[in-house]
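**Student:** Okay, so here is model-v9.pdb, and as you'll see once you scroll down, it has PDB, C-alpha atoms.
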```
ATOM      1  CA  MET S1137       1.997  32.445  -8.865
ATOM      2  CA  GLY S1138       1.162  32.007 -12.557
ATOM      3  CA  GLU S1139       4.789  31.164 -13.200
ATOM      4  CA  PHE S1140       4.736  28.603 -10.405
ATOM      5  CA  LEU S1141       1.625  26.909 -11.833
ATOM      6  CA  ALA S1142       3.079  26.925 -15.357
ATOM      7  CA  MET S1143       6.176  24.956 -14.196
ATOM      8  CA  GLY S1144       8.252  26.130 -17.150
ATOM      9  CA  GLY S1145       5.537  25.091 -19.607
ATOM     10  CA  HIS S1146       5.180  21.562 -18.228
ATOM     11  CA  GLY S1147       2.514  22.420 -15.647
ATOM     12  CA  ALA S1148      -0.130  20.120 -17.153
ATOM     13  CA  TYR S1149       2.110  17.032 -16.827
ATOM     14  CA  ILE S1150       3.385  17.858 -13.342
ATOM     15  CA  TRP S1151       0.025  18.782 -11.842
ATOM     16  CA  ALA S1152      -1.586  15.737 -13.469
ATOM     17  CA  CYS S1153       0.925  13.508 -11.636
ATOM     18  CA  TYR S1154       0.499  15.210  -8.257
ATOM     19  CA  GLY S1155      -3.297  15.304  -8.657
ATOM     20  CA  LEU S1156      -3.478  11.640  -9.627
ATOM     21  CA  ALA S1157      -1.287  10.632  -6.679
ATOM     22  CA  ALA S1158      -3.482  12.662  -4.297
ATOM     23  CA  LEU S1159      -6.663  11.103  -5.711
ATOM     24  CA  VAL S1160      -5.393   7.523  -5.532
ATOM     25  CA  MET S1161      -4.005   7.921  -1.998
ATOM     26  CA  ILE S1162      -7.110   9.662  -0.610
ATOM     27  CA  TRP S1163      -9.299   7.023  -2.257
ATOM     28  CA  LEU S1164      -7.185   4.246  -0.670
ATOM     29  CA  LEU S1165      -7.513   5.874   2.748
ATOM     30  CA  VAL S1166     -11.266   6.511   2.508
ATOM     31  CA  ALA S1167     -12.013   3.042   1.123
ATOM     32  CA  SER S1168      -9.891   1.358   3.829
ATOM     33  CA  ILE S1169     -11.573   3.306   6.648
ATOM     34  CA  ARG S1170     -15.050   2.700   5.235
ATOM     35  CA  THR S1171     -14.571  -1.059   4.839
ATOM     36  CA  MET S1172     -13.079  -1.312   8.329
ATOM     37  CA  ARG S1173     -16.010   0.587   9.888
ATOM     38  CA  ASN S1174     -18.595  -1.558   8.051
ATOM     39  CA  ARG S1175     -16.961  -4.795   9.140
ATOM     40  CA  GLU S1176     -16.506  -3.703  12.750
ATOM     41  CA  THR S1177     -20.147  -2.576  12.904
ATOM     42  CA  MET S1178     -21.221  -6.005  11.611
ATOM     43  CA  VAL S1179     -19.055  -7.809  14.196
ATOM     44  CA  ALA S1180     -20.545  -5.631  16.953
ATOM     45  CA  ALA S1181     -24.073  -6.286  15.670
ATOM     46  CA  LEU S1182     -23.462 -10.049  15.588
ATOM     47  CA  ARG S1183     -22.192  -9.947  19.162
ATOM     48  CA  GLN S1184     -25.197  -7.942  20.234
ATOM     49  CA  ASN S1185     -27.503 -10.471  18.547
ATOM     50  CA  LYS S1186     -25.673 -13.399  20.047
ATOM     51  CA  SER S1187     -25.828 -12.075  23.580
ATOM     52  CA  ASN S1188     -29.511 -11.226  23.159
ATOM     53  CA  HIS S1189     -30.294 -14.742  21.920
ATOM     54  CA  SER S1190     -28.253 -16.600  24.491
ATOM     55  CA  ALA S1191     -29.678 -14.540  27.327
ATOM     56  CA  PRO S1192     -33.463 -14.227  26.952
ATOM     57  CA  GLU S1193     -33.630 -12.670  30.413
ATOM     58  CA  ALA S1194     -31.567  -9.743  29.043
ATOM     59  CA  ALA S1195     -34.259  -7.400  30.300
ATOM     60  CA  ASN S1196     -32.692  -7.305  33.764
ATOM     61  CA  PRO S1197     -29.935  -4.747  34.376
ATOM     62  CA  THR S1198     -27.187  -7.171  35.509
ATOM     63  CA  ASN S1199     -27.283  -8.911  32.142
ATOM     64  CA  LYS S1200     -27.125  -5.620  30.329
ATOM     65  CA  THR S1201     -23.837  -4.651  31.966
ATOM     66  CA  GLN S1202     -22.416  -8.003  30.941
ATOM     67  CA  THR S1203     -23.353  -7.316  27.319
ATOM     68  CA  VAL S1204     -21.520  -4.019  27.398
ATOM     69  CA  GLU S1205     -18.444  -5.620  28.909
ATOM     70  CA  GLN S1206     -18.357  -8.273  26.194
ATOM     71  CA  ASN S1207     -18.195  -5.575  23.566
TER      72      ASN S1207
ATOM     73  CA  MET I1109       6.454 -16.318  17.326
ATOM     74  CA  HIS I1110       2.822 -17.335  17.364
ATOM     75  CA  ARG I1111       2.059 -15.186  20.368
ATOM     76  CA  PHE I1112       1.923 -12.243  17.945
ATOM     77  CA  ALA I1113      -0.761 -14.160  16.097
ATOM     78  CA  ASN I1114      -3.256 -13.387  18.855
ATOM     79  CA  PRO I1115      -5.515 -10.847  17.086
ATOM     80  CA  THR I1116      -6.456  -8.905  20.236
ATOM     81  CA  ARG I1117      -2.830  -8.456  21.147
ATOM     82  CA  PHE I1118      -1.925  -7.532  17.613
ATOM     83  CA  LEU I1119      -4.796  -5.049  17.360
ATOM     84  CA  ARG I1120      -3.354  -3.238  20.360
ATOM     85  CA  ILE I1121       0.056  -2.928  18.678
ATOM     86  CA  SER I1122      -1.356  -1.750  15.361
ATOM     87  CA  ASN I1123      -3.701   0.749  17.078
ATOM     88  CA  ALA I1124      -0.696   2.169  18.941
ATOM     89  CA  VAL I1125       1.285   2.551  15.683
ATOM     90  CA  LEU I1126      -1.592   4.168  13.773
ATOM     91  CA  PRO I1127      -1.523   7.763  15.153
ATOM     92  CA  PHE I1128       2.279   8.039  14.810
ATOM     93  CA  ALA I1129       2.189   6.762  11.233
ATOM     94  CA  ALA I1130      -0.696   9.085  10.348
ATOM     95  CA  ILE I1131       0.890  12.221  11.867
ATOM     96  CA  GLY I1132       4.266  11.289  10.370
ATOM     97  CA  THR I1133       2.651  11.018   6.929
ATOM     98  CA  VAL I1134       1.073  14.485   7.186
ATOM     99  CA  ILE I1135       4.349  16.128   8.269
ATOM    100  CA  LEU I1136       6.475  14.330   5.666
ATOM    101  CA  VAL I1137       4.010  15.037   2.833
ATOM    102  CA  LEU I1138       3.882  18.755   3.665
ATOM    103  CA  LEU I1139       7.693  18.994   3.865
ATOM    104  CA  GLY I1140       8.091  16.869   0.734
ATOM    105  CA  LEU I1141       5.664  19.045  -1.235
ATOM    106  CA  TYR I1142       7.368  22.231  -0.055
ATOM    107  CA  TYR I1143      10.818  21.040  -1.108
ATOM    108  CA  GLY I1144       9.607  19.131  -4.158
ATOM    109  CA  LEU I1145       7.467  21.816  -5.757
ATOM    110  CA  TRP I1146       8.982  24.990  -4.370
ATOM    111  CA  ASN I1147      12.373  24.797  -2.734
ATOM    112  CA  SER I1148      14.347  22.666  -5.211
ATOM    113  CA  PRO I1149      15.906  23.491  -8.572
ATOM    114  CA  ALA I1150      14.636  22.482 -12.010
ATOM    115  CA  ASP I1151      16.804  19.916 -13.802
ATOM    116  CA  TYR I1152      19.254  21.287 -16.382
ATOM    117  CA  GLN I1153      17.987  18.772 -18.954
ATOM    118  CA  GLN I1154      14.431  17.975 -17.905
ATOM    119  CA  GLY I1155      13.370  21.352 -16.537
ATOM    120  CA  ASP I1156      10.535  21.284 -14.046
ATOM    121  CA  THR I1157       9.319  17.826 -15.140
ATOM    122  CA  VAL I1158      11.987  16.435 -12.799
ATOM    123  CA  ARG I1159       9.474  17.208 -10.016
ATOM    124  CA  ILE I1160       7.435  14.226 -11.258
ATOM    125  CA  MET I1161      10.306  12.142  -9.867
ATOM    126  CA  TYR I1162       9.180  12.978  -6.291
ATOM    127  CA  ILE I1163       5.957  11.025  -6.938
ATOM    128  CA  HIS I1164       7.209   8.492  -9.472
ATOM    129  CA  VAL I1165      10.252   7.137  -7.615
ATOM    130  CA  PRO I1166       8.540   6.791  -4.178
ATOM    131  CA  SER I1167       5.629   4.977  -5.903
ATOM    132  CA  ALA I1168       8.032   2.604  -7.641
ATOM    133  CA  TYR I1169       9.970   2.041  -4.411
ATOM    134  CA  MET I1170       6.776   1.271  -2.456
ATOM    135  CA  ALA I1171       5.441  -0.969  -5.231
ATOM    136  CA  VAL I1172       8.587  -3.111  -5.005
ATOM    137  CA  MET I1173       8.810  -2.969  -1.172
ATOM    138  CA  VAL I1174       5.174  -4.001  -0.691
ATOM    139  CA  TYR I1175       5.673  -6.849  -3.164
ATOM    140  CA  GLY I1176       8.654  -7.963  -1.083
ATOM    141  CA  ILE I1177       6.517  -7.837   2.074
ATOM    142  CA  ILE I1178       3.757  -9.903   0.433
ATOM    143  CA  ALA I1179       6.318 -12.437  -0.777
ATOM    144  CA  THR I1180       7.895 -12.695   2.696
ATOM    145  CA  CYS I1181       4.448 -13.160   4.256
ATOM    146  CA  SER I1182       3.597 -15.764   1.624
ATOM    147  CA  ALA I1183       6.732 -17.738   2.454
ATOM    148  CA  SER I1184       5.962 -17.553   6.164
ATOM    149  CA  LEU I1185       2.366 -18.620   5.466
ATOM    150  CA  LEU I1186       3.483 -21.646   3.436
ATOM    151  CA  ILE I1187       6.261 -22.695   5.847
ATOM    152  CA  TRP I1188       4.886 -21.859   9.323
ATOM    153  CA  LYS I1189       1.193 -21.351   8.446
ATOM    154  CA  HIS I1190       1.428 -18.112  10.388
ATOM    155  CA  PRO I1191      -2.112 -16.596  10.406
ATOM    156  CA  LEU I1192      -0.891 -13.010  10.765
ATOM    157  CA  ALA I1193       1.250 -13.340   7.634
ATOM    158  CA  GLU I1194      -1.894 -14.074   5.657
ATOM    159  CA  LEU I1195      -3.617 -10.970   7.074
ATOM    160  CA  ILE I1196      -0.647  -8.678   6.318
ATOM    161  CA  ALA I1197      -0.413  -9.984   2.764
ATOM    162  CA  ARG I1198      -4.163  -9.600   2.151
ATOM    163  CA  ALA I1199      -4.173  -6.097   3.649
ATOM    164  CA  SER I1200      -1.120  -5.028   1.592
ATOM    165  CA  ALA I1201      -2.021  -6.309  -1.875
ATOM    166  CA  PRO I1202      -4.488  -3.560  -2.959
ATOM    167  CA  VAL I1203      -2.104  -0.900  -1.613
ATOM    168  CA  GLY I1204       0.783  -2.340  -3.633
ATOM    169  CA  LEU I1205      -1.440  -2.514  -6.700
ATOM    170  CA  ALA I1206      -2.319   1.177  -6.268
ATOM    171  CA  PHE I1207       1.366   2.173  -5.887
ATOM    172  CA  THR I1208       2.258   0.169  -9.007
ATOM    173  CA  PHE I1209      -0.537   1.907 -10.899
ATOM    174  CA  LEU I1210       0.761   5.318  -9.719
ATOM    175  CA  CYS I1211       4.289   4.388 -10.768
ATOM    176  CA  LEU I1212       3.149   3.375 -14.264
ATOM    177  CA  ALA I1213       0.794   6.340 -14.699
ATOM    178  CA  THR I1214       3.219   9.037 -13.503
ATOM    179  CA  GLY I1215       6.027   7.425 -15.522
ATOM    180  CA  SER I1216       3.838   7.555 -18.589
ATOM    181  CA  ILE I1217       2.923  11.214 -17.988
ATOM    182  CA  TRP I1218       6.635  11.975 -17.486
ATOM    183  CA  GLY I1219       7.549  10.041 -20.631
ATOM    184  CA  LYS I1220       5.333  12.080 -22.936
ATOM    185  CA  PRO I1221       7.218  15.422 -22.655
ATOM    186  CA  MET I1222      10.687  13.856 -22.118
ATOM    187  CA  TRP I1223      10.757  10.810 -24.406
ATOM    188  CA  GLY I1224       8.014  11.945 -26.779
ATOM    189  CA  THR I1225       5.916   8.863 -26.060
ATOM    190  CA  TRP I1226       3.529   7.666 -23.346
ATOM    191  CA  TRP I1227       4.798   4.103 -23.447
ATOM    192  CA  VAL I1228       7.563   1.903 -24.834
ATOM    193  CA  TRP I1229       7.783  -1.882 -24.528
ATOM    194  CA  ASP I1230      11.221  -1.881 -22.974
ATOM    195  CA  ALA I1231      12.433  -4.081 -20.115
ATOM    196  CA  ARG I1232      11.867  -1.665 -17.211
ATOM    197  CA  LEU I1233       8.363  -0.612 -18.193
ATOM    198  CA  THR I1234       7.307  -4.125 -19.163
ATOM    199  CA  SER I1235       8.645  -5.742 -15.966
ATOM    200  CA  VAL I1236       6.768  -3.182 -13.817
ATOM    201  CA  LEU I1237       3.618  -3.846 -15.849
ATOM    202  CA  ILE I1238       4.115  -7.568 -15.130
ATOM    203  CA  MET I1239       4.332  -6.717 -11.414
ATOM    204  CA  PHE I1240       0.998  -4.880 -11.766
ATOM    205  CA  PHE I1241      -0.577  -8.064 -13.169
ATOM    206  CA  LEU I1242       1.094 -10.179 -10.446
ATOM    207  CA  TYR I1243      -0.599  -7.997  -7.810
ATOM    208  CA  ALA I1244      -3.936  -8.262  -9.636
ATOM    209  CA  GLY I1245      -3.506 -12.035 -10.023
ATOM    210  CA  TYR I1246      -2.616 -12.406  -6.339
ATOM    211  CA  MET I1247      -5.779 -10.550  -5.281
ATOM    212  CA  ALA I1248      -8.000 -12.440  -7.726
ATOM    213  CA  LEU I1249      -6.585 -15.821  -6.697
ATOM    214  CA  SER I1250      -6.822 -15.248  -2.941
ATOM    215  CA  ASN I1251     -10.518 -14.369  -3.342
ATOM    216  CA  ALA I1252     -11.316 -16.930  -6.035
ATOM    217  CA  PHE I1253     -12.752 -19.635  -3.769
ATOM    218  CA  ASP I1254     -16.070 -19.648  -1.900
ATOM    219  CA  GLU I1255     -14.493 -21.405   1.039
ATOM    220  CA  PRO I1256     -12.588 -18.739   3.013
ATOM    221  CA  GLY I1257      -8.833 -19.283   3.229
ATOM    222  CA  ARG I1258      -8.845 -21.786   0.370
ATOM    223  CA  GLY I1259      -7.230 -19.301  -2.032
ATOM    224  CA  ASN I1260      -4.390 -18.357   0.309
ATOM    225  CA  LYS I1261      -2.040 -21.147  -0.677
ATOM    226  CA  PRO I1262      -2.228 -20.762  -4.471
ATOM    227  CA  ALA I1263      -2.014 -16.965  -4.071
ATOM    228  CA  ALA I1264       1.083 -17.320  -1.867
ATOM    229  CA  ILE I1265       2.713 -19.587  -4.460
ATOM    230  CA  LEU I1266       1.974 -17.030  -7.201
ATOM    231  CA  ALA I1267       3.488 -14.246  -5.057
ATOM    232  CA  LEU I1268       6.659 -16.311  -4.504
ATOM    233  CA  VAL I1269       7.023 -17.203  -8.185
ATOM    234  CA  GLY I1270       6.672 -13.495  -8.985
ATOM    235  CA  VAL I1271       9.715 -12.664  -6.836
ATOM    236  CA  VAL I1272      11.827 -13.539  -9.920
ATOM    237  CA  ASN I1273      10.482 -10.315 -11.379
ATOM    238  CA  LEU I1274      11.982  -8.068  -8.651
ATOM    239  CA  PRO I1275      15.671  -8.312  -9.672
ATOM    240  CA  ILE I1276      14.562  -8.053 -13.300
ATOM    241  CA  ILE I1277      12.888  -4.721 -12.466
ATOM    242  CA  LYS I1278      15.952  -3.497 -10.561
ATOM    243  CA  PHE I1279      18.585  -4.471 -13.125
ATOM    244  CA  SER I1280      16.524  -4.082 -16.300
ATOM    245  CA  VAL I1281      18.052  -0.641 -16.909
ATOM    246  CA  ASP I1282      21.565  -2.152 -16.848
ATOM    247  CA  TRP I1283      20.883  -5.377 -18.743
ATOM    248  CA  TRP I1284      18.973  -4.005 -21.700
ATOM    249  CA  ASN I1285      18.954  -0.883 -23.814
ATOM    250  CA  THR I1286      16.209   1.363 -22.581
ATOM    251  CA  LEU I1287      14.857   4.882 -22.639
ATOM    252  CA  HIS I1288      14.585   4.701 -18.851
ATOM    253  CA  GLN I1289      17.436   6.320 -16.976
ATOM    254  CA  PRO I1290      19.785   4.073 -14.957
ATOM    255  CA  ALA I1291      19.819   3.789 -11.152
ATOM    256  CA  SER I1292      20.790   7.096  -9.595
ATOM    257  CA  ILE I1293      20.329   6.612  -5.833
ATOM    258  CA  ILE I1294      21.580   3.111  -5.002
ATOM    259  CA  ARG I1295      24.947   3.093  -6.766
ATOM    260  CA  LEU I1296      28.372   1.858  -5.754
ATOM    261  CA  ASP I1297      29.814   5.360  -6.115
ATOM    262  CA  GLY I1298      26.988   7.032  -4.171
ATOM    263  CA  PRO I1299      23.922   8.895  -5.430
ATOM    264  CA  SER I1300      24.369  10.831  -8.659
ATOM    265  CA  ILE I1301      21.445  13.196  -7.993
ATOM    266  CA  ALA I1302      22.032  16.726  -6.711
ATOM    267  CA  ALA I1303      21.608  17.039  -2.936
ATOM    268  CA  GLU I1304      18.828  19.621  -3.386
ATOM    269  CA  MET I1305      16.830  16.975  -5.247
ATOM    270  CA  LEU I1306      17.626  14.185  -2.803
ATOM    271  CA  THR I1307      15.966  16.111   0.069
ATOM    272  CA  PRO I1308      12.422  16.136  -1.405
ATOM    273  CA  LEU I1309      12.949  12.645  -2.824
ATOM    274  CA  PHE I1310      13.801  11.116   0.567
ATOM    275  CA  LEU I1311      11.036  13.123   2.285
ATOM    276  CA  MET I1312       8.488  11.761  -0.177
ATOM    277  CA  MET I1313       9.835   8.214   0.122
ATOM    278  CA  GLY I1314       9.440   8.581   3.893
ATOM    279  CA  ALA I1315       5.919   9.948   3.442
ATOM    280  CA  PHE I1316       4.899   7.045   1.189
ATOM    281  CA  THR I1317       6.342   4.571   3.714
ATOM    282  CA  THR I1318       4.457   6.034   6.693
ATOM    283  CA  PHE I1319       1.338   6.259   4.506
ATOM    284  CA  TYR I1320       1.638   2.534   3.806
ATOM    285  CA  LEU I1321       2.047   1.861   7.556
ATOM    286  CA  THR I1322      -1.073   3.951   8.273
ATOM    287  CA  LEU I1323      -3.074   2.012   5.700
ATOM    288  CA  LEU I1324      -1.658  -1.286   6.931
ATOM    289  CA  ALA I1325      -2.772  -0.577  10.526
ATOM    290  CA  LEU I1326      -6.281   0.317   9.310
ATOM    291  CA  ARG I1327      -6.547  -2.555   6.860
ATOM    292  CA  LEU I1328      -5.264  -5.129   9.374
ATOM    293  CA  ARG I1329      -8.051  -4.116  11.762
ATOM    294  CA  SER I1330     -10.383  -4.537   8.823
ATOM    295  CA  GLU I1331      -8.992  -8.000   7.950
ATOM    296  CA  ILE I1332      -9.263  -9.131  11.576
ATOM    297  CA  ALA I1333     -12.918  -8.020  11.627
ATOM    298  CA  ALA I1334     -13.492  -9.854   8.333
ATOM    299  CA  ALA I1335     -11.917 -13.014   9.754
ATOM    300  CA  ARG I1336     -14.219 -12.789  12.791
ATOM    301  CA  LEU I1337     -17.221 -12.381  10.506
ATOM    302  CA  ARG I1338     -16.216 -15.420   8.438
ATOM    303  CA  ASN I1339     -15.684 -17.398  11.628
ATOM    304  CA  ALA I1340     -19.081 -16.318  12.943
ATOM    305  CA  MET I1341     -20.771 -17.390   9.699
ATOM    306  CA  MET I1342     -19.236 -20.859   9.919
ATOM    307  CA  THR I1343     -19.509 -21.606  13.620
ATOM    308  CA  GLY I1344     -22.284 -19.284  14.761
ATOM    309  CA  GLN I1345     -19.885 -18.113  17.481
ATOM    310  CA  VAL I1346     -18.515 -14.597  17.802
ATOM    311  CA  GLU I1347     -15.132 -14.675  19.504
ATOM    312  CA  ALA I1348     -14.185 -11.961  21.947
TER     313      ALA I1348
END
```
For the structure just supplied, provide its representation as C-alpha cells.
**Tutor:**
Amino acid sequence: MGEFLAMGGHGAYIWACYGLAALVMIWLLVASIRTMRNRETMVAALRQNKSNHSAPEAANPTNKTQTVEQN
Amino acid sequence: MHRFANPTRFLRISNAVLPFAAIGTVILVLLGLYYGLWNSPADYQQGDTVRIMYIHVPSAYMAVMVYGIIATCSASLLIWKHPLAELIARASAPVGLAFTFLCLATGSIWGKPMWGTWWVWDARLTSVLIMFFLYAGYMALSNAFDEPGRGNKPAAILALVGVVNLPIIKFSVDWWNTLHQPASIIRLDGPSIAAEMLTPLFLMMGAFTTFYLTLLALRLRSEIAAARLRNAMMTGQVEA
C-alpha cells in the first residue's frame, strides 16, 4: 500500500492532480445543483404568489387544486 | 428546428438523459481510476507520472470540445437566433473554464518533475492559457449588461473569433519547438501510446464526457429557471 501511494517517488505530484480534479469536479456538481434548486424554488414561489394574488378566493378547495395543478 | 426550443419539451429530454449520464459517469470513473492508478504500467521514461495523463488529456480534450460546442451555439444564436443555443452556451461556459483550469494545473504539476519547471511560455501552453481567458471573457461579457440577453451577441462574437485559437492549440506542437510532447492519439499512423495506457485514457475521456453531459442537463434546467425568473421580473407573468 505504501508503495502504491509513493508512486515511484512521484506520489505528491500524482495525488495532487487527482485530488485537484476531484475537488474541481465535485465543486462544479454541487454548485450546479445548488443554483438550480435555488432558482427552481424561486420560480415555484413566484407562481404560488401569483396564483394567490390573482385568486383572492383561494380559500375554497376547488381553487387550491388548481394551484397544485399549475405547479 | 424551433420545436426543440420549447423549454418544457426540452426539460423532458434533458431530465431523461440525466440519470444515464450520471450513472455512466460513476461507472466510467471507477473503471478509469482502477486501470489508471492500478492496472496499467508505469512509463519507461516518465515512470508513474504518466498517470497524470489520465486527468490531463481528458481535461484538455473537454476544454477544447466544450469551446467548440459554445462556438457552434454562438453561430446558431447569431444566424438563427435559436434560444436554446444561448442556454447551452451559457450553461457550458463555466464547465469549460473549469476543464481548462484543470488542464493547465495538472499540466503544470506534471511539468515540474518531468521538465523541471512549472511553466514555459511555449506555443501549446500559451494558446491553452489564451483559451482560458477566452472562456473568462465570454462569461464576463455575457453577464456584463443589466438588461438580460443584451450581452449574448457580443459574447457570441467573442466565442467565434476565439475559434481561431483551436487549430493553433492542436497544431502548436508541430509548428513550433516546444517542451510539450507531440500528438500521440490522433495520428495518421495510429496511436503511438501502448494499448495498456489507452484503456484508462479512453475510459477517463468517456467519464469526463458523461460528466459534462450530467452537468449540462442540470445547468440547462437551471438556465431555464433563470430565464423564467427574468421573464417574471419584466412582465410580472410566470409562464407554465
**Student:** Which of these residues is nearest to chain S, using all atoms listed in the file: I:Asn1339, I:Ser1330, I:Ser1300, I:Asn1273?
**Tutor:**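 Counting all atoms listed in the file, the residue closest to chain S is I:Ser1330.
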**Student:** Please evaluate the PyMOL selection byres ((chain I) within 9 of (chain S)) against the structure above and give the resulting residues as a PyMOL selection string.
**Tutor:** chain I and resi 1145-1146+1150+1155-1160+1163-1164+1167+1202-1203+1206-1207+1210+1213-1215+1217-1218+1220-1221+1319+1322-1323+1326-1331+1333-1334+1336-1337+1340+1344-1348
**Student:** Could you turn the residues from that selection into a file that holds C-alpha atoms, as a PDB file, keeping the file's coordinate frame?
**Tutor:**
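Now in part.pdb:
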```
ATOM      1  CA  LEU I1145       7.467  21.816  -5.757  1.00  0.00           C
ATOM      2  CA  TRP I1146       8.982  24.990  -4.370  1.00  0.00           C
ATOM      3  CA  ALA I1150      14.636  22.482 -12.010  1.00  0.00           C
ATOM      4  CA  GLY I1155      13.370  21.352 -16.537  1.00  0.00           C
ATOM      5  CA  ASP I1156      10.535  21.284 -14.046  1.00  0.00           C
ATOM      6  CA  THR I1157       9.319  17.826 -15.140  1.00  0.00           C
ATOM      7  CA  VAL I1158      11.987  16.435 -12.799  1.00  0.00           C
ATOM      8  CA  ARG I1159       9.474  17.208 -10.016  1.00  0.00           C
ATOM      9  CA  ILE I1160       7.435  14.226 -11.258  1.00  0.00           C
ATOM     10  CA  ILE I1163       5.957  11.025  -6.938  1.00  0.00           C
ATOM     11  CA  HIS I1164       7.209   8.492  -9.472  1.00  0.00           C
ATOM     12  CA  SER I1167       5.629   4.977  -5.903  1.00  0.00           C
ATOM     13  CA  PRO I1202      -4.488  -3.560  -2.959  1.00  0.00           C
ATOM     14  CA  VAL I1203      -2.104  -0.900  -1.613  1.00  0.00           C
ATOM     15  CA  ALA I1206      -2.319   1.177  -6.268  1.00  0.00           C
ATOM     16  CA  PHE I1207       1.366   2.173  -5.887  1.00  0.00           C
ATOM     17  CA  LEU I1210       0.761   5.318  -9.719  1.00  0.00           C
ATOM     18  CA  ALA I1213       0.794   6.340 -14.699  1.00  0.00           C
ATOM     19  CA  THR I1214       3.219   9.037 -13.503  1.00  0.00           C
ATOM     20  CA  GLY I1215       6.027   7.425 -15.522  1.00  0.00           C
ATOM     21  CA  ILE I1217       2.923  11.214 -17.988  1.00  0.00           C
ATOM     22  CA  TRP I1218       6.635  11.975 -17.486  1.00  0.00           C
ATOM     23  CA  LYS I1220       5.333  12.080 -22.936  1.00  0.00           C
ATOM     24  CA  PRO I1221       7.218  15.422 -22.655  1.00  0.00           C
ATOM     25  CA  PHE I1319       1.338   6.259   4.506  1.00  0.00           C
ATOM     26  CA  THR I1322      -1.073   3.951   8.273  1.00  0.00           C
ATOM     27  CA  LEU I1323      -3.074   2.012   5.700  1.00  0.00           C
ATOM     28  CA  LEU I1326      -6.281   0.317   9.310  1.00  0.00           C
ATOM     29  CA  ARG I1327      -6.547  -2.555   6.860  1.00  0.00           C
ATOM     30  CA  LEU I1328      -5.264  -5.129   9.374  1.00  0.00           C
ATOM     31  CA  ARG I1329      -8.051  -4.116  11.762  1.00  0.00           C
ATOM     32  CA  SER I1330     -10.383  -4.537   8.823  1.00  0.00           C
ATOM     33  CA  GLU I1331      -8.992  -8.000   7.950  1.00  0.00           C
ATOM     34  CA  ALA I1333     -12.918  -8.020  11.627  1.00  0.00           C
ATOM     35  CA  ALA I1334     -13.492  -9.854   8.333  1.00  0.00           C
ATOM     36  CA  ARG I1336     -14.219 -12.789  12.791  1.00  0.00           C
ATOM     37  CA  LEU I1337     -17.221 -12.381  10.506  1.00  0.00           C
ATOM     38  CA  ALA I1340     -19.081 -16.318  12.943  1.00  0.00           C
ATOM     39  CA  GLY I1344     -22.284 -19.284  14.761  1.00  0.00           C
ATOM     40  CA  GLN I1345     -19.885 -18.113  17.481  1.00  0.00           C
ATOM     41  CA  VAL I1346     -18.515 -14.597  17.802  1.00  0.00           C
ATOM     42  CA  GLU I1347     -15.132 -14.675  19.504  1.00  0.00           C
ATOM     43  CA  ALA I1348     -14.185 -11.961  21.947  1.00  0.00           C
TER      44      ALA I1348
END
```
**Student:** What gap, in Å, lies between atom CA of Tyr1142 of chain I and atom CA of Pro1166 of chain I?
**Tutor:**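 So the answer is 16.0 Å.
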**Student:** Measuring atom to atom with all atoms listed in the file, identify which of I:Leu1126, I:Met1170, I:Leu1274, I:Leu1242 is nearest to Ala1325 of chain I.
**Tutor:**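 Closest to Ala1325 of chain I, using all atoms listed in the file: I:Leu1126.
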**Student:** Would you compute the distance between atom CA of Val1137 of chain I and atom CA of Gly1298 of chain I? Give it in Å to one decimal.
**Tutor:**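 Computing the Euclidean distance for atom CA of Val1137 of chain I and atom CA of Gly1298 of chain I yields 25.3 Å.
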**Student:** As lines of an AutoDock Vina configuration file, please: the centre and edge lengths in Å, to one decimal, of an axis-aligned box enclosing every listed atom of segment 1161-1170 of chain S with 4 Å added on each side.
**Tutor:**
```
center_x = -9.5
center_y = 5.5
center_z = 2.2
size_x = 19.0
size_y = 16.3
size_z = 16.9
```
**Student:** I'd like the interatomic distance between atom CA of Val1174 of chain I and atom CA of Val1228 of chain I, to a tenth of an Å.
**Tutor:** 25.0 Å
**Student:** Considering only C-alpha atoms, can you say which of I:Leu1195, I:Trp1227, I:Ala1124, I:Leu1136 comes closest to Ala1335 of chain I?
**Tutor:**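 Ranking I:Leu1195, I:Trp1227, I:Ala1124, I:Leu1136 by distance to Ala1335 of chain I, first place goes to I:Leu1195.
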**Student:** For Ser1235 of chain I, work out the shell of residues within 12 Å, counting all atoms listed in the file and skipping chain neighbours fewer than 6 positions away, then give it as a list of chain:residue names.
**Tutor:**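 Here the answer would be I:Ala1168, I:Val1172, I:Thr1208, I:Leu1212, I:Val1228, I:Trp1229, I:Phe1241, I:Leu1242, I:Gly1270, I:Val1271, I:Val1272, I:Asn1273, I:Leu1274, I:Pro1275, I:Ile1276, I:Ile1277, I:Lys1278, I:Phe1279, I:Ser1280, I:Val1281, I:Trp1284.
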**Student:** Please expand the PyMOL selection byres ((chain I and resi 1175) around 8) into the concrete residues it hits in this file, giving the result as number ranges by chain.
**Tutor:** I: 1171-1174, 1176-1179, 1201, 1204, 1243, 1267, 1271
**Student:** Considering all atoms listed in the file, state which residue in the set I:Leu1119, I:Ile1301, I:Ala1291, I:Ala1130 is at the smallest distance from Leu1192 of chain I.
**Tutor:**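 Looking at the shortest contact to Leu1192 of chain I, the residue is I:Leu1119.
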**Student:** I need the residue nearest Cys1181 of chain I from this list: I:Leu1287, I:Met1161, I:Leu1268, I:Ile1332. Use all atoms listed in the file for the distance.
**Tutor:**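 Smallest distance to Cys1181 of chain I is found for I:Leu1268.
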**Student:** Quick check on the file I pasted: which residues fall under the PyMOL selection byres ((chain I and resi 1245-1253) around 8)? Write them as a list in words.
**Tutor:**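 Residues picked by the PyMOL selection byres ((chain I and resi 1245-1253) around 8): Arg1198, Ala1201, Pro1202, Phe1241, Leu1242, Tyr1243, Ala1244, Asp1254, Glu1255, Pro1256, Gly1257, Arg1258, Gly1259, Asn1260, Lys1261, Pro1262, Ala1263, Ala1264, Leu1266 and Ala1267 of chain I.
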**Student:** Using only C-alpha atoms, which of the listed residues (I:Ser1200, I:Ser1182, I:Gln1289, I:Asn1123) sits closest to Val1269 of chain I?
**Tutor:** I:Ser1182
